[in-house]
Structure formats: C-alpha cells, structure tokens
file model.txt (compact mmCIF, C-alpha atoms)
# COMPACT_ATOMS: atom_id res chain seq x y z
CA MET D 1 -52.64 35.67 45.33
CA THR D 2 -50.69 33.32 47.61
CA LEU D 3 -51.19 30.42 45.23
CA LEU D 4 -48.97 32.17 42.71
CA ASN D 5 -46.82 34.40 44.87
CA ASP D 6 -45.60 32.08 47.61
CA PRO D 7 -42.04 30.94 46.83
CA ILE D 8 -41.82 27.61 45.03
CA GLN D 9 -39.19 25.38 46.62
CA ILE D 10 -37.29 23.52 43.95
CA ASP D 11 -35.86 20.15 44.96
CA LYS D 12 -32.25 20.03 43.73
CA ASP D 13 -32.22 16.23 43.55
CA LYS D 14 -35.26 16.23 41.30
CA ILE D 15 -33.47 18.61 38.93
CA PHE D 16 -30.43 16.31 38.92
CA ASN D 17 -32.81 13.47 38.13
CA ARG D 18 -34.34 15.42 35.24
CA ILE D 19 -30.91 16.06 33.69
CA GLY D 20 -29.93 12.40 33.76
CA TYR D 21 -28.64 11.48 37.21
CA ASP D 22 -30.22 8.46 38.85
CA GLY D 23 -30.45 7.58 42.54
CA ASP D 24 -26.84 6.93 43.54
CA SER D 25 -24.92 8.96 40.98
CA VAL D 26 -23.13 12.06 42.16
CA PRO D 27 -23.01 15.14 39.92
CA SER D 28 -19.65 16.80 39.32
CA SER D 29 -18.95 20.02 41.25
CA ARG D 30 -19.42 21.93 38.00
CA THR D 31 -22.89 20.53 37.40
CA ALA D 32 -23.87 20.88 41.05
CA SER D 33 -22.83 24.53 41.21
CA LEU D 34 -24.55 25.29 37.90
CA VAL D 35 -27.82 23.80 39.18
CA GLU D 36 -27.51 25.55 42.55
CA ASP D 37 -26.75 28.86 40.88
CA TYR D 38 -29.84 28.64 38.67
CA ILE D 39 -32.05 27.50 41.56
CA ASP D 40 -30.90 30.53 43.55
CA ASN D 41 -31.70 32.91 40.73
CA TYR D 42 -34.46 31.41 38.60
CA TYR D 43 -37.26 33.19 40.43
CA ASP D 44 -36.74 36.40 38.47
CA LEU D 45 -37.41 34.42 35.30
CA ILE D 46 -40.89 33.22 36.13
CA ALA D 47 -44.23 35.00 35.94
CA PRO D 48 -46.81 32.42 37.03
CA SER D 49 -50.47 32.69 36.09
CA TYR D 50 -53.34 30.23 36.18
CA SER D 51 -57.04 29.72 35.67
CA HIS D 52 -59.43 27.10 36.99
CA THR D 53 -63.12 26.35 36.95
CA VAL D 54 -65.40 23.60 38.25
CA LYS D 55 -68.25 22.22 36.11
CA THR D 56 -71.00 19.71 36.76
CA ILE D 57 -70.84 16.55 34.65
CA LYS D 58 -73.94 16.20 32.44
CA SER D 59 -73.49 12.65 31.18
CA VAL D 60 -70.90 9.89 30.74
CA ASN D 61 -70.95 7.02 28.26
CA GLN D 62 -68.35 4.52 26.98
CA ASN D 63 -65.75 6.98 25.66
CA ARG D 64 -67.30 10.36 26.22
CA VAL D 65 -67.95 12.82 29.01
CA ASP D 66 -70.37 15.69 28.38
CA VAL D 67 -69.79 18.69 30.59
CA GLY D 68 -72.17 21.04 28.78
CA ASP D 69 -71.37 24.23 26.87
CA SER D 70 -69.96 22.05 24.05
CA VAL D 71 -67.22 20.68 26.28
CA ILE D 72 -66.90 16.98 25.45
CA LEU D 73 -64.05 14.85 26.82
CA GLU D 74 -63.26 11.88 24.58
CA SER D 75 -61.37 9.10 26.34
CA TYR D 76 -62.34 5.68 27.66
CA LYS D 77 -60.11 6.07 30.71
CA VAL D 78 -61.24 9.58 31.56
CA ALA D 79 -64.86 8.39 31.17
CA ARG D 80 -64.22 5.54 33.67
CA LEU D 81 -63.07 8.13 36.20
CA MET D 82 -65.82 10.64 35.52
CA GLU D 83 -68.63 8.09 35.90
CA ARG D 84 -67.70 8.03 39.61
CA CYS D 85 -67.64 11.84 39.88
CA GLU D 86 -70.23 14.61 40.04
CA LYS D 87 -68.04 17.48 38.99
CA VAL D 88 -64.83 18.11 37.11
CA ALA D 89 -62.28 20.85 37.72
CA PHE D 90 -60.45 22.24 34.69
CA PHE D 91 -57.17 24.10 35.16
CA ALA D 92 -54.31 25.60 33.19
CA LEU D 93 -51.20 27.27 34.50
CA THR D 94 -47.92 28.62 33.22
CA ILE D 95 -44.66 29.91 34.64
CA GLY D 96 -44.50 32.39 31.75
CA GLY D 97 -42.19 32.55 28.76
CA TYR D 98 -39.06 34.33 30.05
CA LEU D 99 -37.30 31.23 31.33
CA GLU D 100 -37.68 29.30 28.09
CA GLU D 101 -36.72 32.34 26.04
CA LEU D 102 -33.47 32.48 27.98
CA ALA D 103 -32.97 28.71 27.54
CA THR D 104 -33.47 29.08 23.78
CA HIS D 105 -31.05 32.00 23.68
CA LEU D 106 -28.42 29.98 25.56
CA ALA D 107 -28.87 26.98 23.27
CA ASP D 108 -28.54 29.23 20.21
CA LYS D 109 -25.20 30.39 21.62
CA GLY D 110 -24.05 26.78 21.96
CA LEU D 111 -24.59 26.69 25.75
CA VAL D 112 -26.77 23.60 25.65
CA LEU D 113 -25.78 22.40 29.13
CA GLN D 114 -27.01 25.63 30.70
CA ALA D 115 -30.13 25.55 28.52
CA THR D 116 -30.83 21.96 29.62
CA VAL D 117 -30.47 22.81 33.31
CA LEU D 118 -32.72 25.84 32.94
CA ASP D 119 -35.29 23.79 31.02
CA ALA D 120 -35.30 21.19 33.82
CA ILE D 121 -35.81 23.88 36.44
CA GLY D 122 -38.69 25.30 34.37
CA SER D 123 -40.36 21.89 34.14
CA GLY D 124 -39.86 21.31 37.86
CA THR D 125 -41.36 24.70 38.70
CA ALA D 126 -44.41 24.14 36.50
CA GLU D 127 -44.98 20.73 38.13
CA LYS D 128 -44.69 22.23 41.63
CA LEU D 129 -47.18 24.93 40.71
CA ALA D 130 -49.55 22.30 39.29
CA ALA D 131 -49.30 20.33 42.57
CA ARG D 132 -50.12 23.48 44.49
CA ILE D 133 -53.19 24.18 42.34
CA GLU D 134 -54.25 20.54 42.68
CA GLN D 135 -54.04 20.91 46.46
CA ASN D 136 -56.10 24.08 46.30
CA ILE D 137 -58.82 22.29 44.31
CA ARG D 138 -58.68 19.41 46.82
CA GLU D 139 -59.18 21.82 49.74
CA GLU D 140 -62.07 23.59 47.99
CA ALA D 141 -63.76 20.25 47.33
CA GLY D 142 -63.10 19.14 50.90
CA ARG D 143 -65.07 22.08 52.21
CA ASP D 144 -68.12 20.53 50.46
CA SER D 145 -67.22 17.07 51.83
CA MET D 146 -66.07 15.94 48.40
CA VAL D 147 -62.87 14.17 47.36
CA VAL D 148 -60.74 14.62 44.25
CA SER D 149 -58.91 12.39 41.78
CA ARG D 150 -55.36 12.65 40.47
CA ARG D 151 -54.65 15.14 37.71
CA PHE D 152 -55.09 14.06 34.10
CA SER D 153 -53.76 16.11 31.20
CA PRO D 154 -54.55 15.90 27.48
CA GLY D 155 -51.87 13.66 25.96
CA TYR D 156 -51.90 11.21 28.89
CA CYS D 157 -52.76 7.69 27.82
CA ASP D 158 -55.81 7.51 25.52
CA TRP D 159 -56.75 11.15 26.03
CA ASN D 160 -55.51 12.83 22.86
CA VAL D 161 -53.56 16.06 23.13
CA SER D 162 -56.01 17.65 20.67
CA GLN D 163 -58.49 17.60 23.57
CA GLN D 164 -56.54 20.50 25.00
CA GLU D 165 -59.07 22.54 23.09
CA MET D 166 -61.80 21.25 25.43
CA VAL D 167 -59.89 22.21 28.55
CA PHE D 168 -59.44 25.71 27.21
CA ARG D 169 -63.07 25.87 26.09
CA ALA D 170 -64.15 24.95 29.62
CA LEU D 171 -61.95 27.78 30.88
CA GLY D 172 -63.75 30.20 28.57
CA ASN D 173 -60.79 30.31 26.18
CA ASN D 174 -59.30 32.85 28.48
CA VAL D 175 -56.23 31.55 30.23
CA PRO D 176 -53.85 34.36 31.18
CA GLY D 177 -50.44 34.01 29.60
CA ILE D 178 -51.14 30.83 27.58
CA THR D 179 -52.13 30.31 23.96
CA LEU D 180 -52.63 27.11 21.99
CA ASN D 181 -50.79 26.58 18.73
CA GLU D 182 -52.30 24.72 15.76
CA SER D 183 -51.16 21.38 17.21
CA MET D 184 -52.94 22.24 20.46
CA LEU D 185 -49.68 22.65 22.32
CA MET D 186 -49.50 25.30 24.97
CA VAL D 187 -47.24 28.28 24.45
CA PRO D 188 -45.21 28.90 26.61
CA GLN D 189 -44.15 25.26 26.87
CA LYS D 190 -43.68 25.44 30.62
CA SER D 191 -47.43 25.22 31.18
CA VAL D 192 -49.64 22.47 32.57
CA SER D 193 -53.33 21.93 31.93
CA GLY D 194 -55.77 19.23 32.82
CA ILE D 195 -58.74 17.98 34.76
CA ILE D 196 -59.44 16.67 38.24
CA GLY D 197 -62.54 14.63 39.04
CA ILE D 198 -64.60 15.65 42.08
CA GLY D 199 -67.13 13.41 43.82
CA ARG D 200 -68.40 11.83 47.00
CA PRO D 201 -66.05 9.71 49.14
CA GLY D 202 -66.27 5.93 48.78
CA ASN D 203 -66.33 5.79 44.98
CA ASP D 204 -62.63 5.01 44.50
CA ILE D 205 -62.04 8.45 43.03
CA GLU D 206 -58.82 9.34 44.85
CA GLN D 207 -57.19 6.00 44.00
CA TYR D 208 -58.35 5.77 40.38
CA ASN D 209 -55.25 4.97 38.34
CA PRO D 210 -55.63 3.39 34.89
CA CYS D 211 -51.87 2.67 34.83
CA ILE D 212 -52.25 -0.17 37.33
CA THR D 213 -54.08 -2.39 34.85
CA CYS D 214 -52.32 -1.06 31.75
CA LEU D 215 -50.03 -3.46 29.85
CA GLU D 216 -47.74 -0.69 28.56
CA LYS D 217 -45.16 -1.30 31.28
CA ASP D 218 -42.52 0.94 29.72
CA CYS D 219 -44.82 3.93 29.20
CA PRO D 220 -42.96 7.12 30.24
CA GLY D 221 -46.20 8.49 31.72
CA ARG D 222 -46.82 5.42 33.92
CA ARG D 223 -47.98 6.36 37.41
CA ARG D 224 -47.86 4.27 40.56
CA MET T 225 5.57 19.77 21.13
CA SER T 226 2.64 19.19 18.80
CA GLU T 227 1.96 15.79 20.37
CA GLU T 228 1.91 17.45 23.78
CA ILE T 229 -0.61 20.10 22.72
CA LEU T 230 -2.85 17.51 21.09
CA GLU T 231 -2.71 15.34 24.22
CA LYS T 232 -3.65 18.32 26.42
CA LEU T 233 -6.42 19.19 24.02
CA LYS T 234 -7.79 15.67 24.25
CA GLU T 235 -7.61 15.76 28.05
CA ASN T 236 -9.53 19.02 28.08
CA VAL T 237 -12.20 17.59 25.79
CA ILE T 238 -12.59 14.69 28.22
CA GLN T 239 -12.89 17.20 31.08
CA GLY T 240 -15.36 19.32 29.07
CA ARG T 241 -13.32 22.49 29.59
CA LYS T 242 -14.21 24.92 26.83
CA THR T 243 -11.96 27.65 28.26
CA GLY T 244 -9.37 27.97 31.00
CA ASP T 245 -12.01 29.37 33.38
CA ASP T 246 -13.95 26.11 33.31
CA MET T 247 -13.76 23.78 36.32
CA GLY T 248 -13.98 20.59 34.28
CA VAL T 249 -15.39 17.35 35.62
CA ASP T 250 -12.97 16.90 38.53
CA GLU T 251 -11.12 20.26 38.67
CA SER T 252 -7.76 18.52 38.03
CA LEU T 253 -6.95 20.89 35.16
CA SER T 254 -8.12 24.09 36.88
CA GLY T 255 -6.09 27.14 35.96
CA THR T 256 -4.70 25.62 32.77
CA PRO T 257 -5.78 26.50 29.21
CA GLY T 258 -9.01 24.94 27.93
CA VAL T 259 -10.05 23.59 24.52
CA LEU T 260 -10.41 26.99 22.83
CA GLU T 261 -7.04 28.32 24.00
CA LEU T 262 -5.31 25.04 23.13
CA THR T 263 -6.92 24.97 19.69
CA GLU T 264 -5.49 28.45 19.04
CA SER T 265 -2.09 27.32 20.36
CA ALA T 266 -2.15 24.25 18.15
CA LEU T 267 -2.93 26.36 15.08
CA SER T 268 -0.14 28.77 15.94
CA GLU T 269 2.21 25.76 16.13
CA ASP T 270 1.13 24.95 12.55
CA ILE T 271 -0.73 21.83 13.55
CA SER T 272 -3.31 21.23 10.83
CA PRO T 273 -7.03 21.53 11.60
CA GLU T 274 -7.42 17.97 10.37
CA SER T 275 -4.87 16.71 12.93
CA ILE T 276 -6.55 18.69 15.70
CA ILE T 277 -9.83 16.96 14.87
CA THR T 278 -8.59 13.45 14.27
CA LYS T 279 -5.90 13.30 16.95
CA ALA T 280 -7.49 15.28 19.78
CA LEU T 281 -11.14 16.29 19.45
CA THR T 282 -12.59 13.05 18.06
CA PRO T 283 -10.58 10.67 20.29
CA GLY T 284 -11.47 12.84 23.29
CA MET T 285 -15.17 12.63 22.49
CA GLU T 286 -14.88 8.88 21.96
CA ILE T 287 -13.57 8.52 25.51
CA VAL T 288 -16.42 10.75 26.75
CA GLY T 289 -18.87 8.42 24.98
CA GLU T 290 -17.25 5.38 26.64
CA LYS T 291 -17.42 7.02 30.07
CA TYR T 292 -21.09 7.79 29.46
CA SER T 293 -21.77 4.17 28.50
CA LYS T 294 -20.06 3.02 31.70
CA LYS T 295 -22.12 5.54 33.74
CA GLU T 296 -18.96 7.34 34.82
CA TYR T 297 -20.25 10.39 32.98
CA PHE T 298 -23.77 11.79 32.75
CA ILE T 299 -25.64 13.95 30.26
CA PRO T 300 -24.28 17.28 31.64
CA ASP T 301 -20.66 16.03 31.47
CA MET T 302 -21.11 14.90 27.93
CA LEU T 303 -22.81 18.15 26.93
CA ALA T 304 -19.93 20.16 28.38
CA SER T 305 -17.45 18.13 26.30
CA ALA T 306 -19.58 18.43 23.17
CA GLU T 307 -19.90 22.19 23.69
CA ALA T 308 -16.12 22.48 24.00
CA VAL T 309 -15.59 20.52 20.78
CA GLY T 310 -18.37 22.50 19.09
CA ALA T 311 -16.62 25.76 19.99
CA ALA T 312 -13.31 24.41 18.63
CA MET T 313 -15.07 23.32 15.42
CA ASP T 314 -16.37 26.88 14.97
CA VAL T 315 -12.73 28.06 14.99
CA LEU T 316 -11.60 25.28 12.66
CA LYS T 317 -14.48 25.34 10.16
CA PRO T 318 -13.29 28.34 8.08
CA LEU T 319 -9.78 26.86 7.92
CA LEU T 320 -11.11 23.48 6.84
CA GLU T 321 -13.13 25.17 4.09
CA LYS T 322 -10.10 27.16 2.95
CA SER T 323 -7.99 24.01 2.68
CA ASN T 324 -10.84 22.02 1.05
CA VAL T 325 -10.82 19.49 3.89
CA GLU T 326 -14.27 18.04 4.33
CA THR T 327 -15.97 17.56 7.71
CA LYS T 328 -17.43 14.15 8.54
CA GLY T 329 -20.65 15.28 6.92
CA LYS T 330 -23.41 17.83 7.01
CA PHE T 331 -26.42 17.13 9.23
CA ALA T 332 -29.54 19.30 9.07
CA ILE T 333 -31.90 18.99 12.03
CA ALA T 334 -35.40 20.31 12.74
CA THR T 335 -38.37 19.85 15.03
CA VAL T 336 -41.32 19.34 12.68
CA LYS T 337 -44.22 21.70 12.00
CA GLY T 338 -46.62 22.14 14.91
CA ASP T 339 -44.09 20.89 17.46
CA ILE T 340 -42.23 23.36 19.61
CA HIS T 341 -40.07 21.04 21.71
CA ASP T 342 -36.45 22.00 21.29
CA ILE T 343 -34.31 20.68 24.12
CA GLY T 344 -33.89 17.16 22.65
CA LYS T 345 -33.08 18.57 19.24
CA ASN T 346 -30.50 20.91 20.78
CA ILE T 347 -28.82 18.05 22.66
CA VAL T 348 -28.59 15.92 19.49
CA ALA T 349 -27.26 18.93 17.54
CA ILE T 350 -24.49 19.72 20.02
CA LEU T 351 -23.49 16.04 20.32
CA LEU T 352 -23.18 15.72 16.56
CA LYS T 353 -21.20 18.92 16.40
CA GLY T 354 -18.99 17.46 19.13
CA ALA T 355 -18.54 14.38 16.95
CA ALA T 356 -17.18 16.63 14.18
CA TYR T 357 -20.27 16.74 11.99
CA GLU T 358 -21.30 20.07 10.53
CA VAL T 359 -24.74 20.84 11.93
CA ILE T 360 -27.42 23.04 10.39
CA ASP T 361 -30.09 23.71 13.01
CA ILE T 362 -33.26 24.63 11.08
CA GLY T 363 -35.21 25.26 14.29
CA ILE T 364 -38.56 24.22 15.76
CA ASP T 365 -42.07 24.19 14.23
CA VAL T 366 -40.50 23.99 10.77
CA PRO T 367 -42.82 23.53 7.75
CA GLU T 368 -41.89 20.91 5.14
CA ASP T 369 -41.21 23.51 2.44
CA LYS T 370 -38.50 25.11 4.53
CA ILE T 371 -36.90 21.74 5.22
CA VAL T 372 -36.95 20.86 1.52
CA ASP T 373 -35.38 24.25 0.71
CA VAL T 374 -32.53 23.58 3.17
CA VAL T 375 -31.95 20.11 1.69
CA ARG T 376 -31.90 21.58 -1.82
CA GLN T 377 -29.63 24.52 -1.03
CA GLU T 378 -27.31 23.23 1.70
CA LYS T 379 -27.11 19.65 0.39
CA PRO T 380 -26.77 17.94 3.79
CA GLY T 381 -26.04 14.22 3.62
CA TYR T 382 -28.28 13.67 6.62
CA LEU T 383 -31.56 15.10 7.86
CA GLY T 384 -32.75 14.65 11.44
CA LEU T 385 -36.42 15.15 12.27
CA SER T 386 -37.76 15.40 15.81
CA ALA T 387 -41.36 15.05 17.04
CA MET T 388 -42.54 14.62 20.61
CA LEU T 389 -46.22 14.08 19.91
CA THR T 390 -48.40 11.59 18.09
CA THR T 391 -50.21 14.55 16.57
CA THR T 392 -47.05 15.99 15.02
CA MET T 393 -45.12 12.85 14.07
CA THR T 394 -47.27 12.46 10.94
CA GLU T 395 -45.50 15.55 9.64
CA MET T 396 -42.37 13.39 9.22
CA LYS T 397 -44.13 11.32 6.58
CA THR T 398 -45.23 14.49 4.80
CA ILE T 399 -41.62 15.71 4.75
CA ILE T 400 -40.37 12.41 3.28
CA GLU T 401 -43.10 12.52 0.64
CA THR T 402 -42.25 16.13 -0.19
CA LEU T 403 -38.57 15.21 -0.54
CA LYS T 404 -39.60 12.46 -3.00
CA GLU T 405 -41.78 14.86 -5.01
CA ASN T 406 -38.81 17.18 -5.30
CA ASN T 407 -36.42 14.36 -6.34
CA LEU T 408 -34.36 14.90 -3.21
CA ARG T 409 -35.11 11.76 -1.23
CA ASP T 410 -32.11 9.82 -2.56
CA LYS T 411 -29.81 12.76 -1.82
CA VAL T 412 -30.29 12.69 1.94
CA LYS T 413 -30.57 10.05 4.64
CA VAL T 414 -33.48 10.76 6.96
CA PHE T 415 -33.22 10.07 10.70
CA ILE T 416 -36.17 10.40 13.04
CA GLY T 417 -36.28 10.75 16.82
CA GLY T 418 -38.40 12.01 19.70
CA ALA T 419 -40.77 10.58 22.29
CA ALA T 420 -43.57 9.87 19.83
CA VAL T 421 -41.69 7.78 17.28
CA SER T 422 -40.11 4.34 17.06
CA GLU T 423 -38.08 2.08 14.81
CA GLU T 424 -41.31 0.62 13.50
CA TYR T 425 -42.64 4.08 12.63
CA ALA T 426 -39.36 4.87 10.85
CA ARG T 427 -39.88 1.78 8.68
CA GLN T 428 -43.53 2.65 8.08
CA ILE T 429 -42.82 6.12 6.71
CA GLY T 430 -39.65 5.19 4.83
CA ALA T 431 -37.09 6.95 7.04
CA ASP T 432 -33.56 5.56 7.00
CA ALA T 433 -33.20 5.23 10.76
CA PHE T 434 -34.76 5.81 14.16
CA CYS T 435 -32.40 7.06 16.87
CA ALA T 436 -33.44 6.98 20.52
CA ASP T 437 -30.91 9.61 21.57
CA GLY T 438 -27.92 11.65 20.48
CA PHE T 439 -25.42 8.84 21.02
CA GLU T 440 -27.39 6.49 18.88
CA ALA T 441 -27.51 9.21 16.22
CA ILE T 442 -23.71 9.46 16.26
CA LYS T 443 -23.30 5.67 16.04
CA THR T 444 -25.82 5.41 13.23
CA LEU T 445 -24.20 8.26 11.30
CA ASP T 446 -20.73 6.78 11.78
CA ASN T 447 -22.06 3.43 10.51
CA PHE T 448 -23.48 5.12 7.42
CA GLN T 449 -20.09 6.79 6.91
CA ALA T 450 -18.34 3.43 7.11
CA THR T 451 -20.53 1.79 4.47
call {"tool": "encode", "arguments": {"input": "model.txt", "output": "structure tokens"}}
result
Amino acid sequence: MTLLNDPIQIDKDKIFNRIGYDGDSVPSSRTASLVEDYIDNYYDLIAPSYSHTVKTIKSVNQNRVDVGDSVILESYKVARLMERCEKVAFFALTIGGYLEELATHLADKGLVLQATVLDAIGSGTAEKLAARIEQNIREEAGRDSMVVSRRFSPGYCDWNVSQQEMVFRALGNNVPGITLNESMLMVPQKSVSGIIGIGRPGNDIEQYNPCITCLEKDCPGRRR
Amino acid sequence: MSEEILEKLKENVIQGRKTGDDMGVDESLSGTPGVLELTESALSEDISPESIITKALTPGMEIVGEKYSKKEYFIPDMLASAEAVGAAMDVLKPLLEKSNVETKGKFAIATVKGDIHDIGKNIVAILLKGAAYEVIDIGIDVPEDKIVDVVRQEKPGYLGLSAMLTTTMTEMKTIIETLKENNLRDKVKVFIGGAAVSEEYARQIGADAFCADGFEAIKTLDNFQAT
C-alpha cells in the first residue's frame, strides 16, 4: 500500500529541533553528521502498519460522544467538536518496534546521544506517517463532499489517555503491530492513535481548536 | 606531566571526545587521544582516580554545564561529554572501590510502573554519571516492590522517579508509601521528574524534590551534598 510504502521524507531541521536546537542555533559537525547518517539509514529500522475506520456518531451531550458498539468518548472538548460532525474516523499507526529496540540497546551501552537522535527520528517518522494518514482520511471525506477536523489523540487536553481503549475498541481491537499496556500506552512507543471529526462544510470543523481559548498558555501540547 | 594530562583530559571532556576517533565539538582536538585513552595514561602515570575525577572530569563537566546555560552548547554536546565522563567512571569505579574512595553518591533511577518512556530517564542517568554520581538504572515500567528491593539492597542515597503521564504519576505516591511501610523512607531522598509532574505534586506526595531536567537534578543533588 502506497500509504505505508512510499518513502517518508524526514526534515533534518525538525530532528535538530527535537534534540534541543532552536531556530538560529547551529549543530556541531559531529551532531549534524550523526543525524544525517541516521536519516540516511533509518528506513531499514521501520516497519509501518496502520488501521483506520469511520463510524457514524450516534449522540453527543455535554462531555460524552456515543459512537455505538460501546464506543464512548468522554471529553468536553472532543464533544464540542463532534457536535458539529456526522462521522468520526478512528486511526492507529506504528513504525514498528525495531527502531526503539535499537535506541534502548544503544542507551544500555551508554550511547545516550545516539539513542536520543534515533528516538527523535522515530518520533518524527511516526508524526509524518500520521500526517499522511490524516491526509488520506481528508481525501476520502472530500470525495463525499465532507470536511475533516484536526487530529485529536487520547492524552490531549481533557481527553484522558485511558480513552485509548475506546479508539482500539472502535478499530475492533485489531491494530496490526500495536498492543496496549495496562496504562493504555501503545507498545511500540513510536505509534500514534486518535480521531478525526468528519462533517459538512460550514460548521467550523476544520478550524476547531480548543487551544485558542485555553488559559494553559505553557501547555506543551498547545496548537496554533 | 600529571598536570598536563589532567588538563588535556579536562579539554577532552569539554569537547565530549570519549575516544581519539571522536570529532569533538569543533574538531580542534582531532587525531589526539580522547577521555578514555587519557584516563588510562593518567592511571599509568600513577595519578590517583580521585585526582582524575576532581581535577579533570568534574571541572570539565562544570564548564560543559556553563556552556549549556549560555546556549553555547546544546543537549547533544552535553550528552557527548557526559558519555565520555561516564565511560571514564566505568574505568575508575573498581579502583575507587579498591581504595575505599567514595563516589559523590549512589543514585537509583526508574520509570514507574505502567510507564514505558525511557529517553528522559536515560538522559538524566548519563548526566548524573557524568557528574560523578554512581547510577543504578532500574529500568522502565518498574513495580514498587522492585524499587523498594533496590533501595534496601543497594542503599542508594537518592532515588529518581520518572513519569510522563497523569495516569502513571500516581505510582510515585505508592512508591513513597511503600518505602515508608518498609522503614526506608528516611534512608533515601526521593526526586521526581517527567512531563506529568511538578514541584507542587512533589510536595503533595512527600517527595524531596522535583527536577525539571537533568541539570536541575545535578544542582539539586549537589545542594543536598553540601548540606
């Protein structure tokens, strides 16, 4: 499938950003060549897989969205989005476990710098893959003259990470390559899951962003 | 001669050159011995492990910390230096034990049960090792019983707990309670860190300190040492 097999272009500057460099700072030659080397070779370390499904929203109230089949989303902010939507797409994806196994192995050997760079590349790859899947869902919805919202993942804002269970339930508890641990964290870690609202144009679905009115200005998850 | 080796050693710590093959931050020392080779040379010149630590490794890391504060260095530069010092400490540790010289202290660190995030814990661990603390890395997703066992058996003066999630940070309180039940709470200072926790949460659960990052952990530990 092209969605998974097309090469994922990793932006070097974003990796530098993830490992602590801000806008104007210049990495040393050592750091730059380490990052470049991993970007050139990381592809052998990933085995992407994903699952997605679209469900019709049954009902929405103050803090709760009922999608049927015992899938209940509990969040005030998710409910405010879903009351504008007709459907909701659920997705989960992973880049597989090899990359993080290698990062752990390197860290165990005291090579924490290499492990940190590899971890950043893994996170960047998972995010790129998530953006690609989001675009795919957007295009599918567009074919039915619908629009889509941003992605929301369990753990964002008032949507508790324990709700991961609901995302997986919506996906039939069958997401290739990903399991949930007892804290509802995905294993492998380099995985992304979430929901995307789908509805008719003109309902402020694409622009819906609870961060704009949120008072937690220093929140690490704040989106513009 | 010994002063010269120690000075070179310090310079190589600042450059983060674990071995002679390493480029360093600006390649100015390329082709010359790195921290590991110089540590061996220093030992063969009968320079004591204690002198190597106090006159080269620790001052070198202090300069790295200053450069990081001034934004001359970034996380990768500082990790490279800490790794170099960590590797030297691995060479020195058996010698220190043989001569009954104590390290700055023993620090056990774990990511709590249910949480599998490890990169932050690893960075803190290597930085503390680079600051000449002896580090026991208990791992990720560690149940409280295992942590209590390590505190009982290894007798670390400090225990660092990491949690990235609001759902797993409650485990920190459980660990502190379990330490109390086992009469171990007054034997170890408990530090907490990770995206989910705060200074206020540290106070709430009775931890000794909250540290936002590895540098803060070093400063806090050094302050505890001084008191």
call {"tool": "closest_residue", "arguments": {"input": "model.txt", "among": "T:Lys234, T:Lys353, T:Lys291, T:Lys404", "to": "T:Ile333", "atoms": "all atoms listed in the file"}}
result
T:Lys353
call {"tool": "residues_around", "arguments": {"input": "model.txt", "residues": "stretch 253-266 of chain T", "least_positions_apart": "3", "cutoff": "12 Å", "atoms": "only C-alpha atoms", "output": "ChimeraX atom specification"}}
result
/D:30 /T:225-250,269-277,279-281,284,304-316
call {"tool": "interface_residues", "arguments": {"input": "model.txt", "of": "chain T", "to": "chain D", "cutoff": "6 Å", "atoms": "all atoms listed in the file", "output": "VMD selection string"}}
result
chain T and resid 249 299 to 300 303 338
call {"tool": "write_last_selection", "arguments": {"input": "model.txt", "atoms": "C-alpha atoms", "output": "mmCIF file, keeping the file's coordinate frame"}}
result
data_model
loop_
_atom_site.group_PDB
_atom_site.id
_atom_site.type_symbol
_atom_site.label_atom_id
_atom_site.label_comp_id
_atom_site.auth_asym_id
_atom_site.auth_seq_id
_atom_site.Cartn_x
_atom_site.Cartn_y
_atom_site.Cartn_z
ATOM 1 C CA VAL T 249 -15.390 17.350 35.620
ATOM 2 C CA ILE T 299 -25.640 13.950 30.260
ATOM 3 C CA PRO T 300 -24.280 17.280 31.640
ATOM 4 C CA LEU T 303 -22.810 18.150 26.930
ATOM 5 C CA GLY T 338 -46.620 22.140 14.910
#
call {"tool": "closest_residue", "arguments": {"input": "model.txt", "among": "D:Lys12, D:Arg132, D:Lys55, D:Lys77", "to": "D:Ser153", "atoms": "all atoms listed in the file"}}
result
D:Lys77
call {"tool": "atom_distance", "arguments": {"input": "model.txt", "atom1": "atom CA of D:Asn173", "atom2": "atom CA of D:Leu93"}}
result
13.1 Å
call {"tool": "atom_distance", "arguments": {"input": "model.txt", "atom1": "atom CA of D:Glu165", "atom2": "atom CA of D:Arg143"}}
result
29.7 Å
